[in-house]
Structures are given as C-alpha cells and as structure tokens.
Amino acid sequence: MNECIVSDLSVCGGEPCVKGTRIPVKVVLGHLAAGESVPEIVRNLPPLTEDDVRACLEYASYLSTEWVA
C-alpha cells in the first residue's frame, strides 16, 4: 500500500491519515467529493502535496475492493 497513508493510535485515534499530518484520508476525500480540484485541496490544506491527494484516492480505491461479509 502507499506509504503516504498511515494509521497510528496516537494520531487521530488511529484513523488513516496523510503521513506527517493530522489530516484524515476521509477529509481529503470529502473535499474531492465536494468538487474541489487537487490544486484547490493542496492550497486549502497546505501541508498536503498533489501526491498526498493521489495517495488518498489510491487508498480509497484499495478499500473499495475489500469484501464485506
């Protein structure tokens, strides 16, 4: 999996976040779902890079392939 996304119990209660930040993946995905472009997200969430935003999408894509029983 992409090393830009980490889960650490001491950061945001273990929610998957962008490495080196306290920005959860779900926040980035929410911005994308609201129609923001990648450059807008990077501008609005300064610690992030375009690669970080793509890593969040990659992570979401991976999770969508998981089977739920």
# chains A, B, ... in the order shown; residues from 1 in each chain; ligands from 1
>>> select_by_dssp(residues="chain A", states="strand (DSSP E)", output="ChimeraX atom specification")
/A:5-6,17-18
>>> write_last_selection(atoms="C-alpha atoms", output="mmCIF file, in the first residue's frame")
data_model
loop_
_atom_site.group_PDB
_atom_site.id
_atom_site.type_symbol
_atom_site.label_atom_id
_atom_site.label_comp_id
_atom_site.auth_asym_id
_atom_site.auth_seq_id
_atom_site.Cartn_x
_atom_site.Cartn_y
_atom_site.Cartn_z
ATOM 1 C CA ILE A 5 -1.133 6.899 4.362
ATOM 2 C CA VAL A 6 -0.539 5.827 7.947
ATOM 3 C CA CYS A 17 -4.115 9.999 7.862
ATOM 4 C CA VAL A 18 -1.640 11.530 5.476
#
>>> residues_around(residues="Ile23 in chain A", least_positions_apart="2", cutoff="12 Å", atoms="only C-alpha atoms", output="ChimeraX atom specification")
/A:4-7,11-21,25-31,41-42,44-48,52-53,56
>>> residues_around(residues="Tyr59 in chain A", least_positions_apart="2", cutoff="8 Å", atoms="only C-alpha atoms", output="NGL selection string")
:A and (1-2 or 5 or 55-57 or 61-63)
>>> write_last_selection(atoms="C-alpha atoms", output="PDB file, in the first residue's frame")
ATOM      1  CA  MET A   1       0.000   0.000   0.000  1.00  0.00           C
ATOM      2  CA  ASN A   2       1.055   3.601  -0.388  1.00  0.00           C
ATOM      3  CA  ILE A   5      -1.133   6.899   4.362  1.00  0.00           C
ATOM      4  CA  ALA A  55      -2.398   8.572  -2.267  1.00  0.00           C
ATOM      5  CA  CYS A  56      -5.756   9.178  -0.566  1.00  0.00           C
ATOM      6  CA  LEU A  57      -7.545   8.209  -3.776  1.00  0.00           C
ATOM      7  CA  SER A  61      -9.691   2.554  -4.290  1.00  0.00           C
ATOM      8  CA  TYR A  62      -7.963  -0.224  -2.377  1.00  0.00           C
ATOM      9  CA  LEU A  63     -10.633  -0.185   0.343  1.00  0.00           C
TER      10      LEU A  63
END
>>> atom_distance(atom1="CA of Ser64 in chain A", atom2="CA of Glu40 in chain A")
24.8 Å
>>> select_by_dssp(residues="chain A", states="alpha helix (DSSP H)", output="NGL selection string")
:A and (25-33 or 38-44 or 50-64)
>>> atom_distance(atom1="CA of Ala34 in chain A", atom2="CA of Glu58 in chain A")
17.9 Å
